[in-house]
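Source file data20.txt; content: compact mmCIF, C-alpha atoms.
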# COMPACT_ATOMS: atom_id res chain seq x y z
CA MET T 1 -6.63 3.97 -13.24
CA LYS T 2 -3.91 4.34 -15.88
CA GLN T 3 -1.32 3.22 -13.34
CA ALA T 4 -3.32 0.07 -12.47
CA SER T 5 -3.72 -0.78 -16.16
CA PHE T 6 -0.02 -0.27 -16.71
CA TRP T 7 0.92 -2.63 -13.87
CA LEU T 8 -1.56 -5.27 -14.98
CA ALA T 9 -0.09 -5.16 -18.50
CA ALA T 10 3.42 -5.35 -17.05
CA LEU T 11 2.51 -8.39 -14.95
CA LEU T 12 0.99 -10.15 -17.93
CA ALA T 13 4.02 -9.41 -20.07
CA ALA T 14 6.36 -10.66 -17.33
CA GLY T 15 4.84 -14.11 -17.20
CA PHE T 16 1.97 -13.56 -14.78
CA THR T 17 0.46 -16.73 -13.33
CA ALA T 18 -2.63 -16.68 -11.17
CA SER T 19 -4.38 -19.32 -9.13
CA ASN T 20 -7.07 -19.62 -6.54
CA ALA T 21 -5.10 -20.37 -3.37
CA GLN T 22 -8.01 -21.68 -1.29
CA ALA T 23 -6.25 -24.91 -0.38
CA SER T 24 -2.59 -24.20 -1.08
CA THR T 25 -1.57 -21.33 1.20
CA ALA T 26 -2.27 -20.62 4.83
CA CYS T 27 -3.07 -17.09 5.92
CA PRO T 28 -0.22 -15.24 7.65
CA PHE T 29 -2.08 -14.34 10.86
CA SER T 30 -4.50 -16.13 13.14
CA ALA T 31 -7.99 -14.78 13.74
CA ALA T 32 -6.86 -14.11 17.32
CA ASP T 33 -4.05 -11.82 16.07
CA ILE T 34 -6.48 -9.71 14.05
CA SER T 35 -9.26 -9.78 16.67
CA LYS T 36 -6.92 -8.69 19.46
CA ALA T 37 -5.73 -5.61 17.56
CA LEU T 38 -9.12 -4.55 16.21
CA GLY T 39 -11.18 -5.35 19.30
CA VAL T 40 -13.81 -7.33 17.38
CA PRO T 41 -14.12 -11.04 16.63
CA VAL T 42 -13.08 -12.14 13.14
CA GLN T 43 -13.24 -15.51 11.45
CA GLU T 44 -10.10 -17.41 10.52
CA GLY T 45 -8.56 -16.08 7.34
CA ARG T 46 -9.56 -17.44 3.94
CA PRO T 47 -6.89 -17.47 1.25
CA GLY T 48 -7.87 -15.79 -1.98
CA LEU T 49 -6.06 -14.84 -5.14
CA GLU T 50 -2.41 -15.75 -5.54
CA PHE T 51 -0.19 -14.76 -8.43
CA SER T 52 3.47 -14.57 -9.27
CA ALA T 53 5.49 -12.53 -11.71
CA ALA T 54 9.10 -11.48 -12.17
CA GLY T 55 10.51 -12.59 -8.81
CA MET T 56 7.45 -11.79 -6.68
CA VAL T 57 4.56 -13.88 -5.30
CA MET T 58 1.49 -12.00 -4.07
CA ARG T 59 -1.10 -13.64 -1.82
CA ASP T 60 -4.41 -12.28 -0.57
CA CYS T 61 -6.21 -13.42 2.58
CA ARG T 62 -9.52 -12.19 4.08
CA TYR T 63 -10.65 -12.21 7.71
CA ALA T 64 -14.40 -11.58 8.00
CA SER T 65 -16.15 -9.88 10.90
CA LYS T 66 -19.81 -8.92 11.28
CA ASN T 67 -19.66 -5.66 9.28
CA PHE T 68 -16.30 -5.64 7.52
CA SER T 69 -13.39 -7.76 6.46
CA VAL T 70 -9.66 -7.31 6.81
CA MET T 71 -7.61 -8.00 3.71
CA VAL T 72 -4.02 -9.02 4.28
CA LYS T 73 -1.96 -8.96 1.12
CA THR T 74 1.63 -10.20 1.20
CA SER T 75 4.10 -9.76 -1.62
CA HIS T 76 7.13 -12.04 -1.24
CA TYR T 77 10.12 -10.85 -3.28
CA SER T 78 12.99 -13.11 -4.33
CA ASN T 79 15.20 -10.00 -4.14
CA PRO T 80 14.43 -8.51 -0.69
CA ALA T 81 15.71 -5.07 -1.74
CA ALA T 82 12.93 -4.89 -4.35
CA ALA T 83 10.28 -5.08 -1.60
CA LYS T 84 11.28 -1.62 -0.40
CA ASP T 85 9.91 -0.16 -3.66
CA ALA T 86 6.45 -1.70 -3.17
CA THR T 87 4.95 1.50 -1.77
CA LYS T 88 5.91 3.46 -4.91
CA MET T 89 2.86 2.01 -6.68
CA LEU T 90 0.35 3.14 -4.04
CA ALA T 91 -2.17 5.87 -4.81
CA GLY T 92 -2.81 8.83 -2.57
CA LYS T 93 -0.61 10.12 0.22
CA LEU T 94 1.52 7.92 2.45
CA ARG T 95 1.79 9.08 6.06
CA ALA T 96 4.69 7.57 7.99
CA ILE T 97 3.96 6.01 11.37
CA PRO T 98 6.45 7.68 13.74
CA ASN T 99 9.19 5.45 15.15
CA ASP T 100 7.84 2.35 13.42
CA PRO T 101 10.58 -0.32 13.24
CA ASP T 102 9.38 -1.48 9.79
CA GLY T 103 8.88 2.00 8.34
CA ALA T 104 5.11 1.41 8.17
CA VAL T 105 2.93 3.95 6.40
CA ILE T 106 -0.77 4.73 6.39
CA GLN T 107 -2.34 5.23 2.96
CA GLU T 108 -4.64 8.24 2.72
CA GLY T 109 -6.65 9.72 -0.13
CA GLN T 110 -6.41 6.63 -2.32
CA GLY T 111 -9.68 7.40 -4.04
CA ASP T 112 -12.59 6.40 -1.86
CA LEU T 113 -11.30 8.08 1.33
CA THR T 114 -12.80 5.42 3.58
CA ASP T 115 -10.69 2.24 3.47
CA PRO T 116 -8.10 2.30 6.28
CA ALA T 117 -4.83 0.76 5.09
CA VAL T 118 -1.36 0.19 6.54
CA PHE T 119 1.73 -0.95 4.62
CA TYR T 120 5.14 -2.13 5.79
CA VAL T 121 8.05 -4.24 4.59
CA ARG T 122 9.73 -6.89 6.71
CA ASN T 123 12.32 -9.48 5.65
CA GLY T 124 11.69 -8.97 1.94
CA VAL T 125 7.90 -9.17 2.27
CA ALA T 126 5.63 -6.19 1.60
CA VAL T 127 2.49 -6.38 3.75
CA GLU T 128 -0.79 -4.54 3.20
CA LEU T 129 -3.50 -4.54 5.88
CA ARG T 130 -6.78 -3.02 4.66
CA VAL T 131 -10.27 -2.85 6.16
CA LEU T 132 -13.10 -3.27 3.66
CA GLY T 133 -16.71 -2.53 4.56
CA ILE T 134 -18.50 -0.70 7.36
CA TYR T 135 -15.97 -0.35 10.18
CA TYR T 136 -17.35 2.93 11.54
CA LYS T 137 -19.76 3.20 14.44
CA ASP T 138 -22.55 5.37 12.98
CA LEU T 139 -24.25 5.36 9.59
CA LYS T 140 -21.70 7.85 8.28
CA SER T 141 -17.90 7.54 8.31
CA LYS T 142 -16.11 10.09 10.45
CA ASP T 143 -12.47 11.14 10.48
CA ALA T 144 -12.17 9.95 14.09
CA ASP T 145 -13.39 6.46 13.14
CA LEU T 146 -10.93 6.32 10.25
CA ARG T 147 -7.99 7.37 12.46
CA ASP T 148 -9.05 4.87 15.13
CA MET T 149 -9.08 2.00 12.64
CA GLN T 150 -5.74 3.09 11.15
CA THR T 151 -4.23 2.97 14.64
CA LYS T 152 -5.72 -0.48 15.25
CA LEU T 153 -4.38 -1.80 11.93
CA ALA T 154 -0.92 -0.54 12.81
CA ALA T 155 -1.15 -2.56 16.04
CA VAL T 156 -1.78 -5.91 14.28
CA LYS T 157 1.01 -8.34 15.14
CA ARG T 158 3.75 -8.03 12.52
CA LEU T 159 4.64 -10.72 10.04
CA GLN T 160 7.58 -12.80 11.24

Would you mind writing the structure in this file as structure tokens?
Amino acid sequence: MKQASFWLAALLAAGFTASNAQASTACPFSAADISKALGVPVQEGRPGLEFSAAGMVMRDCRYASKNFSVMVKTSHYSNPAAAKDATKMLAGKLRAIPNDPDGAVIQEGQGDLTDPAVFYVRNGVAVELRVLGIYYKDLKSKDADLRDMQTKLAAVKRLQ
């Protein structure tokens, strides 16, 4: 929590600007891209919060399905080398995906232990794919369900 407060304060001090991007920014993937990888239908993405600070613009987009949503957060850096440091701010343990061309990692143990998340950097853009909600098959989350969804997230078409 201290780390999140620190970064929020840093963003505000650096000239943080926020806006609701509902009409201004298209989502980076089609519903078909997300649906194909996850094996469930999702609605077209809806842009959410957008903010910029100190050479970076972050955009959030949500793709809703029946029981969960997929958040796609992109952070566009004016200095592409800075994007490589984006994972340094992530909580928990980062597990590398073997032989991934973008150096993608899976975030584990970030606090709630249930939200599958994958991160990678491509062409100066840090990308976070995270499932929010009830993605598991039974009434209780299982390790196998979590691993299955992590694998599916890693298979989402990559940002061009």

Residues within 6 Å of segment 53-65 of chain T, only C-alpha atoms, excluding chain neighbours under 5 positions, as a PDB file with C-alpha atoms, keeping the file's coordinate frame:
ATOM      1  CA  ALA T  14       6.360 -10.660 -17.330  1.00  0.00           C
ATOM      2  CA  GLY T  15       4.840 -14.110 -17.200  1.00  0.00           C
ATOM      3  CA  PHE T  16       1.970 -13.560 -14.780  1.00  0.00           C
ATOM      4  CA  CYS T  27      -3.070 -17.090   5.920  1.00  0.00           C
ATOM      5  CA  VAL T  42     -13.080 -12.140  13.140  1.00  0.00           C
ATOM      6  CA  GLN T  43     -13.240 -15.510  11.450  1.00  0.00           C
ATOM      7  CA  GLU T  44     -10.100 -17.410  10.520  1.00  0.00           C
ATOM      8  CA  GLY T  45      -8.560 -16.080   7.340  1.00  0.00           C
ATOM      9  CA  ARG T  46      -9.560 -17.440   3.940  1.00  0.00           C
ATOM     10  CA  PRO T  47      -6.890 -17.470   1.250  1.00  0.00           C
ATOM     11  CA  GLY T  48      -7.870 -15.790  -1.980  1.00  0.00           C
ATOM     12  CA  VAL T  70      -9.660  -7.310   6.810  1.00  0.00           C
ATOM     13  CA  MET T  71      -7.610  -8.000   3.710  1.00  0.00           C
ATOM     14  CA  VAL T  72      -4.020  -9.020   4.280  1.00  0.00           C
ATOM     15  CA  LYS T  73      -1.960  -8.960   1.120  1.00  0.00           C
ATOM     16  CA  THR T  74       1.630 -10.200   1.200  1.00  0.00           C
ATOM     17  CA  SER T  75       4.100  -9.760  -1.620  1.00  0.00           C
ATOM     18  CA  HIS T  76       7.130 -12.040  -1.240  1.00  0.00           C
ATOM     19  CA  TYR T  77      10.120 -10.850  -3.280  1.00  0.00           C
ATOM     20  CA  SER T  78      12.990 -13.110  -4.330  1.00  0.00           C
TER      21      SER T  78
END

Atom CA of Gly92 of chain T to atom CA of Val105 of chain T, straight-line distance in Å: 11.7 Å

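Shortest separation to Thr87 of chain T among T:Asp145, T:Glu128, T:Asp33, T:Asp138 occurs at residue T:Glu128, atoms counted being all atoms listed in the file.
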
For atom CA of Glu50 of chain T and atom CA of Ala126 of chain T, the interatomic separation in Å (one decimal): 14.4 Å

Polymer residues at most 10 Å from Asn123 of chain T, all atoms listed in the file, same-chain spacing of 2 or more positions, as a ChimeraX atom specification: /T:76-77,80-81,83-84,102,121,125-126,159-160

Spatial neighbours of Leu153 of chain T, max dist 8 Å, only C-alpha atoms, sep filter under 5 positions, as number ranges by chain: T: 37-38, 116-118, 129-130

Pairwise distance for atom CA of Lys93 of chain T and atom CA of Lys157 of chain T, rounded to one decimal in Å: 23.8 Å

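Considering the residues T:Asn99, T:Lys88, T:Gln107, T:Val40 and counting all atoms listed in the file, Phe68 of chain T has its shortest atom-to-atom contact with T:Val40.
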